[in-house]
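Scroll down for the structure; my scribbles are underneath it.
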Amino acid sequence: MKAVEFNNVTKTYFGKKALNQLSFSIEDNTITGLVGRNGAGKTTLMKIAAGYLKPSSGTAKVFSENPFESLHVSLNSIFVDDGMVFPSALPLGEILQEGARFYPNWNDRLARRLLDYFSLDPKNYHNRLSKGKTSIFNAIVGLASRCPLTMFDEPTTGMDEAARKDFYRALLKDYLDHPRTIILSSHHLEEIEDLLENILLIQGGQNFLHLPMSEFSSWAIAVRGSVEVVRDILDGREIIYEKTLGKNTIQAVVRNELTKNEVSDLRGTGAELFPVSSSDLFVYLTNKEKGGIDDVFNENESR
Ligand SMILES: Nc1ncnc2c1ncn2[C@@H]1O[C@H](COP(=O)(O)OP(=O)(O)OP(=O)(O)O)[C@@H](O)[C@H]1O
């Protein structure tokens, strides 16, 4: 069953498209990593799925319903980000009690144990927490709600490394025991890739790639060798990324669909072929310039 379905969703802010004819669907009880560069539209997508925003055009469905102003979707989904607002008069312990009243699947034992583990005082107030502790508390609410659709938008902002690792571990353990649909956005793909079943990469508000994480990990291959040879053998293939290394050596990244002949030709010339990490691939795919930040400096030099 589909938990989330977007069909040609466009969201315009002041005449500018944050989402542009975005279509995708997410099966229930899966973890999807939502990635994209700054401003790609990730938060907008999640806010539409959470029912906070209405698409300008197209249709968004969550559990087969229009999420905007849907009580069913509100009760069964949660959107966790660093802008979560809680009643300022309530201490953390009482906020958790309210969570228990609102969310049907809320697990209070989990919430209290996590609060204790992360040394959060139930008598403290949300607006007095440090940046990292605020993210930890918000993440606890997201986990304990056990909502059938749980969305985390950059949940580890400000958390120290140990807390980030603990949070992702807690997320995985709780998901395995209580499967639900999780959408997780992060700019640190290397931190979350082991958790993910699928990856949805959006760029310019559009679906750029949506595939199982295992396919993404082997989607591209890097070739390092002499400029002439690499360019000659890869002629006609789309170069995703290219970097000059020294005088006569380049490293090029292409789709991992080289023929046996191309591979043996490359190896025959001493070229090296090696895998591309998911986080590097993400950067290469989403860079405007094929050479990344280097291109900025190359252009300046030639002026
Ligand atoms: N309330 C708003 N008013 C005007 N423009 C907005 C608003 N919210 C988002 N945008 C614009 O919509 C686009 C998508 O923003 P969004 O926050 O969804 O991106 P994002 O992928 O979550 O970015 P980041 O990774 O930086 O958090 C951006 O160009 C942003 O400036």
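Just so we're on the same page: first chain in the structure tokens is A, next is B, and so on; residues restart at 1 for each chain, and ligands are numbered from 1 in the order they show up.
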
(request) Might you pull out every residue within 8 Å of A:Lys61, with only C-alpha atoms counted and same-chain residues fewer than 3 positions away left off, and present them as a VMD selection string? (result) chain A and resid 3 to 6 49 64 to 67

(request) Identify, counting only C-alpha atoms and all ligand atoms, the protein, DNA and RNA residues located within 6 Å of ligand 1, and give them as a ChimeraX atom specification. (result) /A:13,18,36-44

Can you write out the residues you just picked, keeping C-alpha atoms, as a PDB file, in the first residue's frame?
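The resulting file, result11.pdb, is reproduced below:
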```pdb
ATOM      1  CA  TYR A  13       5.944  30.911  -3.165  1.00  0.00           C
ATOM      2  CA  ALA A  18       9.648  25.387  -4.678  1.00  0.00           C
ATOM      3  CA  GLY A  36      18.719  17.369  -2.191  1.00  0.00           C
ATOM      4  CA  ARG A  37      20.825  20.490  -2.053  1.00  0.00           C
ATOM      5  CA  ASN A  38      19.814  23.541  -0.029  1.00  0.00           C
ATOM      6  CA  GLY A  39      16.592  24.943  -1.386  1.00  0.00           C
ATOM      7  CA  ALA A  40      15.739  21.801  -3.406  1.00  0.00           C
ATOM      8  CA  GLY A  41      12.282  21.607  -1.836  1.00  0.00           C
ATOM      9  CA  LYS A  42      12.619  18.886   0.825  1.00  0.00           C
ATOM     10  CA  THR A  43      10.958  20.807   3.644  1.00  0.00           C
ATOM     11  CA  THR A  44       8.179  21.987   1.357  1.00  0.00           C
TER      12      THR A  44
END
```

(request) Find the residue from A:Ser25, A:Gln203, A:Asn107, A:Ser57 that sits nearest to A:Thr181; use only C-alpha atoms when measuring. (result) A:Ser25

(message) Using DSSP assignments from the backbone, pull out every residue in stretch 153-271 of chain A that falls under alpha helix (DSSP H) and give it to me as an MDAnalysis selection string.
(response) chainID A and resid 161:177 189:192 213:217 227:233 260:268

Selection above as a file: C-alpha atoms, as a PDB file, in the first residue's frame:
```pdb
ATOM      1  CA  GLU A 161      28.322  13.227  17.207  1.00  0.00           C
ATOM      2  CA  ALA A 162      27.480  10.756  19.967  1.00  0.00           C
ATOM      3  CA  ALA A 163      23.897  11.995  20.144  1.00  0.00           C
ATOM      4  CA  ARG A 164      23.526  11.759  16.355  1.00  0.00           C
ATOM      5  CA  LYS A 165      24.732   8.173  16.355  1.00  0.00           C
ATOM      6  CA  ASP A 166      22.464   7.303  19.287  1.00  0.00           C
ATOM      7  CA  PHE A 167      19.472   8.885  17.605  1.00  0.00           C
ATOM      8  CA  TYR A 168      19.926   6.985  14.329  1.00  0.00           C
ATOM      9  CA  ARG A 169      20.487   3.754  16.267  1.00  0.00           C
ATOM     10  CA  ALA A 170      17.315   4.358  18.285  1.00  0.00           C
ATOM     11  CA  LEU A 171      15.426   5.126  15.093  1.00  0.00           C
ATOM     12  CA  LEU A 172      16.544   1.895  13.461  1.00  0.00           C
ATOM     13  CA  LYS A 173      15.843  -0.263  16.514  1.00  0.00           C
ATOM     14  CA  ASP A 174      12.393   1.206  17.029  1.00  0.00           C
ATOM     15  CA  TYR A 175      11.581   0.961  13.316  1.00  0.00           C
ATOM     16  CA  LEU A 176      12.540  -2.722  13.225  1.00  0.00           C
ATOM     17  CA  ASP A 177      10.279  -3.462  16.198  1.00  0.00           C
ATOM     18  CA  LEU A 189      24.043  10.950   3.471  1.00  0.00           C
ATOM     19  CA  GLU A 190      26.977   9.010   4.880  1.00  0.00           C
ATOM     20  CA  GLU A 191      25.313   9.132   8.321  1.00  0.00           C
ATOM     21  CA  ILE A 192      21.985   7.731   7.220  1.00  0.00           C
ATOM     22  CA  MET A 213      19.511   2.553  -1.733  1.00  0.00           C
ATOM     23  CA  SER A 214      21.345  -0.582  -2.899  1.00  0.00           C
ATOM     24  CA  GLU A 215      20.958   0.579  -6.517  1.00  0.00           C
ATOM     25  CA  PHE A 216      22.050   4.102  -5.691  1.00  0.00           C
ATOM     26  CA  SER A 217      25.237   2.789  -4.050  1.00  0.00           C
ATOM     27  CA  VAL A 227      43.252  12.291 -20.068  1.00  0.00           C
ATOM     28  CA  GLU A 228      43.402  11.089 -23.667  1.00  0.00           C
ATOM     29  CA  VAL A 229      42.569   7.467 -22.942  1.00  0.00           C
ATOM     30  CA  VAL A 230      39.741   8.144 -20.510  1.00  0.00           C
ATOM     31  CA  ARG A 231      38.146  10.762 -22.772  1.00  0.00           C
ATOM     32  CA  ASP A 232      38.505   8.504 -25.808  1.00  0.00           C
ATOM     33  CA  ILE A 233      37.008   5.388 -24.242  1.00  0.00           C
ATOM     34  CA  LYS A 260      32.960  -5.492 -20.823  1.00  0.00           C
ATOM     35  CA  ASN A 261      35.003  -4.168 -23.766  1.00  0.00           C
ATOM     36  CA  GLU A 262      35.154  -0.666 -22.330  1.00  0.00           C
ATOM     37  CA  VAL A 263      36.242  -2.019 -18.956  1.00  0.00           C
ATOM     38  CA  SER A 264      38.960  -4.199 -20.476  1.00  0.00           C
ATOM     39  CA  ASP A 265      40.121  -1.361 -22.779  1.00  0.00           C
ATOM     40  CA  LEU A 266      40.400   0.960 -19.795  1.00  0.00           C
ATOM     41  CA  ARG A 267      42.203  -1.607 -17.663  1.00  0.00           C
ATOM     42  CA  GLY A 268      44.519  -2.393 -20.587  1.00  0.00           C
TER      43      GLY A 268
END
```

(request) Would you return as a PyMOL selection string the members of stretch 49-287 of chain A that DSSP assigns to strand (DSSP E or B) on this structure's backbone? (result) chain A and resi 57-62+65+77-80+91+125+149-153+181-185+198-203+206-212+220-226+241-245+249-255+272-275

Save out the residues we just selected, C-alpha atoms, as a CSV table (one decimal), in the first residue's frame.
```csv
chain,number,residue,atom,x,y,z
A,57,SER,CA,-1.5,22.5,-8.2
A,58,GLY,CA,-1.4,18.7,-8.4
A,59,THR,CA,-2.5,16.2,-5.8
A,60,ALA,CA,-0.9,15.0,-2.7
A,61,LYS,CA,-2.2,12.0,-0.9
A,62,VAL,CA,-1.2,10.5,2.5
A,65,GLU,CA,-6.4,11.2,1.8
A,77,SER,CA,1.7,11.6,11.0
A,78,ILE,CA,4.3,13.7,12.6
A,79,PHE,CA,6.7,16.2,11.1
A,80,VAL,CA,9.8,16.7,13.2
A,91,PRO,CA,7.7,21.5,31.1
A,125,TYR,CA,11.2,24.0,29.5
A,149,LEU,CA,4.0,8.4,8.8
A,150,THR,CA,7.0,9.9,10.6
A,151,MET,CA,9.0,12.6,8.9
A,152,PHE,CA,12.2,14.0,10.2
A,153,ASP,CA,13.6,17.1,8.6
A,181,THR,CA,6.7,4.8,7.0
A,182,ILE,CA,9.7,7.1,7.8
A,183,ILE,CA,10.9,9.9,5.6
A,184,LEU,CA,14.3,11.3,6.8
A,185,SER,CA,16.0,14.3,5.3
A,198,ASN,CA,15.1,4.0,-0.6
A,199,ILE,CA,16.4,7.3,-1.6
A,200,LEU,CA,14.5,10.2,-3.1
A,201,LEU,CA,16.7,12.8,-4.6
A,202,ILE,CA,15.0,16.0,-5.5
A,203,GLN,CA,16.5,18.9,-7.4
A,206,GLN,CA,11.6,17.8,-9.1
A,207,ASN,CA,12.1,14.1,-8.7
A,208,PHE,CA,15.6,13.6,-9.9
A,209,LEU,CA,16.1,10.0,-8.8
A,210,HIS,CA,14.0,7.6,-6.7
A,211,LEU,CA,15.4,4.2,-6.2
A,212,PRO,CA,16.4,1.5,-3.7
A,220,ALA,CA,28.1,5.2,-10.8
A,221,ILE,CA,31.7,4.2,-11.2
A,222,ALA,CA,34.9,6.3,-11.2
A,223,VAL,CA,37.6,5.9,-13.8
A,224,ARG,CA,41.1,7.4,-13.3
A,225,GLY,CA,43.6,7.4,-16.0
A,226,SER,CA,45.3,9.5,-18.7
A,241,TYR,CA,31.8,14.5,-12.7
A,242,GLU,CA,35.3,15.2,-13.9
A,243,LYS,CA,38.4,16.2,-12.0
A,244,THR,CA,41.9,16.9,-13.2
A,245,LEU,CA,44.6,15.2,-11.2
A,249,THR,CA,45.5,12.4,-15.3
A,250,ILE,CA,41.8,12.8,-14.9
A,251,GLN,CA,39.1,11.1,-12.8
A,252,ALA,CA,35.8,10.8,-14.4
A,253,VAL,CA,32.5,9.5,-13.0
A,254,VAL,CA,30.0,7.8,-15.3
A,255,ARG,CA,26.9,5.6,-14.9
A,272,GLU,CA,41.8,2.4,-12.5
A,273,LEU,CA,38.1,1.8,-11.9
A,274,PHE,CA,36.6,2.1,-8.5
A,275,PRO,CA,33.3,2.6,-6.8
```

(message) Please list as a PyMOL selection string every residue within 12 Å of A:Phe102, counting only C-alpha atoms and excluding residues in the same chain fewer than 6 positions away.
(response) chain A and resi 71-72+74-78+95-96+108+141+144-147
